[in-house]
$ cat target-v6.pdb   # PDB, C-alpha atoms
ATOM      1  CA  MET C 394      93.015  88.959 100.625
ATOM      2  CA  ILE C 395      96.381  89.149 102.350
ATOM      3  CA  SER C 396      96.250  90.736 105.816
ATOM      4  CA  GLN C 397      98.943  92.587 107.765
ATOM      5  CA  GLU C 398      99.342  89.532 109.979
ATOM      6  CA  GLN C 399     100.233  87.466 106.894
ATOM      7  CA  ILE C 400     103.053  89.749 105.713
ATOM      8  CA  PRO C 401     105.747  87.462 107.194
ATOM      9  CA  ALA C 402     104.158  84.602 105.205
ATOM     10  CA  VAL C 403     104.597  86.657 102.022
ATOM     11  CA  VAL C 404     108.128  88.066 102.250
ATOM     12  CA  ASP C 405     110.765  85.604 101.024
ATOM     13  CA  HIS C 406     108.127  83.079  99.906
ATOM     14  CA  MET C 407     107.231  82.001  96.378
ATOM     15  CA  ILE C 408     104.391  83.642  94.489
ATOM     16  CA  TYR C 409     102.402  81.495  92.073
ATOM     17  CA  ASP C 410      99.884  82.338  89.370
ATOM     18  CA  PRO C 411      96.354  80.846  89.181
ATOM     19  CA  ASP C 412      97.685  77.937  87.083
ATOM     20  CA  GLY C 413     100.212  76.991  89.763
ATOM     21  CA  LYS C 414     103.173  78.347  87.784
ATOM     22  CA  LYS C 415     105.937  79.912  89.837
ATOM     23  CA  ILE C 416     106.305  83.670  89.286
ATOM     24  CA  GLY C 417     109.174  84.244  91.677
ATOM     25  CA  GLU C 418     110.136  85.046  95.251
ATOM     26  CA  ALA C 419     108.410  87.910  97.092
ATOM     27  CA  ARG C 420     110.903  90.457  98.393
ATOM     28  CA  HIS C 421     108.894  93.427  99.709
ATOM     29  CA  VAL C 422     105.303  94.228 100.634
ATOM     30  CA  PHE C 423     103.865  97.727 100.206
ATOM     31  CA  LEU C 424     100.833  98.944 102.149
ATOM     32  CA  ASP C 425      97.913 101.088 101.075
ATOM     33  CA  GLU C 426      98.527 104.431 102.833
ATOM     34  CA  ARG C 427      94.805 104.952 103.345
ATOM     35  CA  THR C 428      93.821 101.549 104.752
ATOM     36  CA  GLY C 429      97.148 100.173 105.969
ATOM     37  CA  GLU C 430      96.422  96.877 104.220
ATOM     38  CA  PRO C 431      98.946  95.055 101.998
ATOM     39  CA  GLU C 432      98.482  96.149  98.393
ATOM     40  CA  TRP C 433     101.614  95.282  96.382
ATOM     41  CA  ALA C 434     104.435  92.791  96.622
ATOM     42  CA  THR C 435     107.627  92.893  94.657
ATOM     43  CA  VAL C 436     108.642  89.593  93.178
ATOM     44  CA  ARG C 437     112.030  88.542  91.876
ATOM     45  CA  THR C 438     111.720  87.626  88.216
ATOM     46  CA  GLY C 439     114.016  87.248  85.271
ATOM     47  CA  LEU C 440     117.023  85.051  84.817
ATOM     48  CA  PHE C 441     118.354  84.112  88.263
ATOM     49  CA  GLY C 442     115.788  86.390  89.932
ATOM     50  CA  THR C 443     117.734  89.533  89.104
ATOM     51  CA  GLN C 444     114.745  91.848  88.600
ATOM     52  CA  GLU C 445     111.936  92.907  90.928
ATOM     53  CA  THR C 446     108.446  93.505  89.603
ATOM     54  CA  PHE C 447     105.329  94.744  91.411
ATOM     55  CA  VAL C 448     102.290  92.481  91.622
ATOM     56  CA  PRO C 449      98.980  93.388  93.282
ATOM     57  CA  ILE C 450      98.231  91.201  96.296
ATOM     58  CA  GLN C 451      94.869  92.638  97.375
ATOM     59  CA  GLU C 452      93.187  89.593  95.833
ATOM     60  CA  GLY C 453      96.034  87.227  96.629
ATOM     61  CA  ARG C 454      95.922  84.481  99.211
ATOM     62  CA  VAL C 455      98.359  82.490 101.285
ATOM     63  CA  VAL C 456      98.298  78.804 100.311
ATOM     64  CA  GLY C 457     100.534  76.723 102.555
ATOM     65  CA  ASP C 458     103.980  78.331 102.478
ATOM     66  CA  ASN C 459     103.291  80.202  99.241
ATOM     67  CA  ILE C 460     101.195  83.020  97.839
ATOM     68  CA  GLU C 461      98.785  82.747  94.930
ATOM     69  CA  VAL C 462      97.778  85.813  92.928
ATOM     70  CA  PRO C 463      95.111  86.050  90.203
ATOM     71  CA  PHE C 464      97.604  87.202  87.557
ATOM     72  CA  HIS C 465      99.457  84.948  85.159
ATOM     73  CA  ARG C 466     103.219  84.690  85.307
ATOM     74  CA  THR C 467     103.698  86.275  81.881
ATOM     75  CA  LYS C 468     101.592  89.295  82.891
ATOM     76  CA  VAL C 469     103.627  89.883  86.052
ATOM     77  CA  ARG C 470     106.940  89.480  84.263
ATOM     78  CA  ASP C 471     105.876  92.074  81.673
ATOM     79  CA  ALA C 472     104.905  94.644  84.340
ATOM     80  CA  PRO C 473     106.719  97.976  84.400
ATOM     81  CA  HIS C 474     109.781  97.901  86.642
ATOM     82  CA  MET C 475     109.818 100.420  89.477
ATOM     83  CA  ASP C 476     112.631 101.434  91.804
ATOM     84  CA  VAL C 477     111.937  99.939  95.251
ATOM     85  CA  SER C 478     114.864 101.608  97.002
ATOM     86  CA  LYS C 479     112.775 104.592  98.168
ATOM     87  CA  GLY C 480     110.323 102.350 100.043
ATOM     88  CA  ARG C 481     107.274 103.819  98.311
ATOM     89  CA  LEU C 482     105.705 104.425  94.921
ATOM     90  CA  THR C 483     104.973 107.825  93.476
ATOM     91  CA  GLU C 484     101.420 108.502  92.353
ATOM     92  CA  GLN C 485     102.580 108.367  88.719
ATOM     93  CA  GLN C 486     104.239 104.966  89.237
ATOM     94  CA  GLU C 487     101.157 103.608  90.927
ATOM     95  CA  ARG C 488      98.882 104.902  88.177
ATOM     96  CA  GLU C 489     101.099 103.117  85.660
ATOM     97  CA  LEU C 490     100.861  99.857  87.607
ATOM     98  CA  TYR C 491      97.091 100.200  88.050
ATOM     99  CA  SER C 492      96.709 100.736  84.314
ATOM    100  CA  PHE C 493      98.966  97.797  83.476
ATOM    101  CA  TYR C 494      97.002  95.403  85.696
ATOM    102  CA  GLY C 495      93.659  96.697  84.413
ATOM    103  CA  PHE C 496      92.530  98.502  87.555
ATOM    104  CA  GLU C 497      90.724 101.801  87.390
ATOM    105  CA  TRP C 498      92.364 104.678  89.210
ATOM    106  CA  ASP C 499      89.975 106.496  91.499
ATOM    107  CA  ASP C 500      91.524 109.337  93.484
ATOM    108  CA  GLY C 501      89.145 108.649  96.353
ATOM    109  CA  THR C 502      89.599 104.908  96.715
ATOM    110  CA  GLN C 503      92.671 103.747  94.819
ATOM    111  CA  ARG C 504      95.266 105.847  96.622
ATOM    112  CA  SER C 505      98.040 103.849  98.085
ATOM    113  CA  ALA C 506     101.495 104.856  96.894
ATOM    114  CA  GLY C 507     102.370 102.465  99.700
ATOM    115  CA  ASP C 508     104.666 102.280 102.584
ATOM    116  CA  GLU C 509     107.020  99.373 102.511
ATOM    117  CA  ALA C 510     106.009  96.830 105.104
ATOM    118  CA  GLY C 511     108.960  94.560 105.318
ATOM    119  CA  THR C 512     112.157  93.736 103.566
ATOM    120  CA  GLY C 513     114.329  90.713 103.694
ATOM    121  CA  ALA C 514     114.076  87.598 105.788
ATOM    122  CA  GLY C 515     112.096  87.767 108.979
ATOM    123  CA  ALA C 516     110.180  90.953 108.204
ATOM    124  CA  GLU C 517     107.713  91.634 110.983
ATOM    125  CA  GLY C 518     105.142  93.687 109.075
ATOM    126  CA  ALA C 519     103.756  97.090 109.835
ATOM    127  CA  ALA C 520     101.024  96.833 112.441
ATOM    128  CA  GLY C 521     100.496 100.239 113.966
ATOM    129  CA  ALA C 522     102.812 101.954 111.499
ATOM    130  CA  ALA C 523     100.697 101.888 108.345
ATOM    131  CA  GLY C 524     100.183 105.256 106.732
ATOM    132  CA  ALA C 525     103.408 106.787 108.026
ATOM    133  CA  ALA C 526     105.838 108.126 105.487
ATOM    134  CA  GLY C 527     108.726 105.912 104.467
ATOM    135  CA  ALA C 528     109.326 102.275 105.250
ATOM    136  CA  ALA C 529     106.802 100.831 107.656
ATOM    137  CA  GLY C 530     108.466  97.576 108.573
ATOM    138  CA  ALA C 531     111.727  96.318 109.888
ATOM    139  CA  ALA C 532     114.152  93.877 108.401
ATOM    140  CA  GLY C 533     114.864  90.918 110.604
TER     141      GLY C 533
END
$ encode --input "target-v6.pdb" --output "structure tokens"
Amino acid sequence: MISQEQIPAVVDHMIYDPDGKKIGEARHVFLDERTGEPEWATVRTGLFGTQETFVPIQEGRVVGDNIEVPFHRTKVRDAPHMDVSKGRLTEQQERELYSFYGFEWDDGTQRSAGDEAGTGAGAEGAAGAAGAAGAAGAAG
């Protein structure tokens, strides 16, 4: 599990699948609005890293200077693309991502629609700001 303290170790670092294959570079981390814990990361995929795709990081872990998630590279690259410019997901977008990754949506426990917890190099995370509307971190 990735903690708030590890957000700087996620942003701008490579994300790998369980087989050690590179998925791409993490660009943003989104927090669960209810718990304040990191829930999603966006990862640059595609030719020359021109697309950003959401990947769940609740079960991810920091390994050295990289992040490992329990989803294969092909799965992440096929994920629905969401607009990250608003700094949060709508409930409909999150339901779509949950469905894609095989998670069950439970209105009581799977609510995140996340706040963004850091963008760009040197992001400091969102300690104390989780659950607030809008972006929860600061770019360095």
$ atom_distance --input "target-v6.pdb" --atom1 "atom CA of C:Gly429" --atom2 "atom CA of C:Ile450"
13.2 Å
$ atom_distance --input "target-v6.pdb" --atom1 "atom CA of C:Asp425" --atom2 "atom CA of C:Ala402"
18.1 Å
$ resolve_selection --input "target-v6.pdb" --expression "the PyMOL selection byres ((chain C and resi 409) around 8)" --output "PyMOL selection string"
chain C and resi 407-408+410-417+459-462+466
$ residues_around --input "target-v6.pdb" --residues "C:Val448" --least-positions-apart "3" --cutoff "7 Å" --atoms "all atoms listed in the file" --output "JSON, numbers by chain"
{"C": [433, 434, 435, 469]}
$ write_last_selection --input "target-v6.pdb" --atoms "C-alpha atoms" --output "compact mmCIF listing (two decimals), in the frame of the given file"
# COMPACT_ATOMS: atom_id res chain seq x y z
CA TRP C 433 101.61 95.28 96.38
CA ALA C 434 104.44 92.79 96.62
CA THR C 435 107.63 92.89 94.66
CA VAL C 469 103.63 89.88 86.05
$ resolve_selection --input "target-v6.pdb" --expression "the PyMOL selection byres ((chain C and resi 395) around 10)" --output "VMD selection string"
chain C and resid 394 396 to 400 402 to 403 430 to 432 450 to 455 460
$ closest_residue --input "target-v6.pdb" --among "C:His406, C:Thr428, C:Glu445, C:Val436" --to "C:Ser478" --atoms "all atoms listed in the file"
C:Glu445
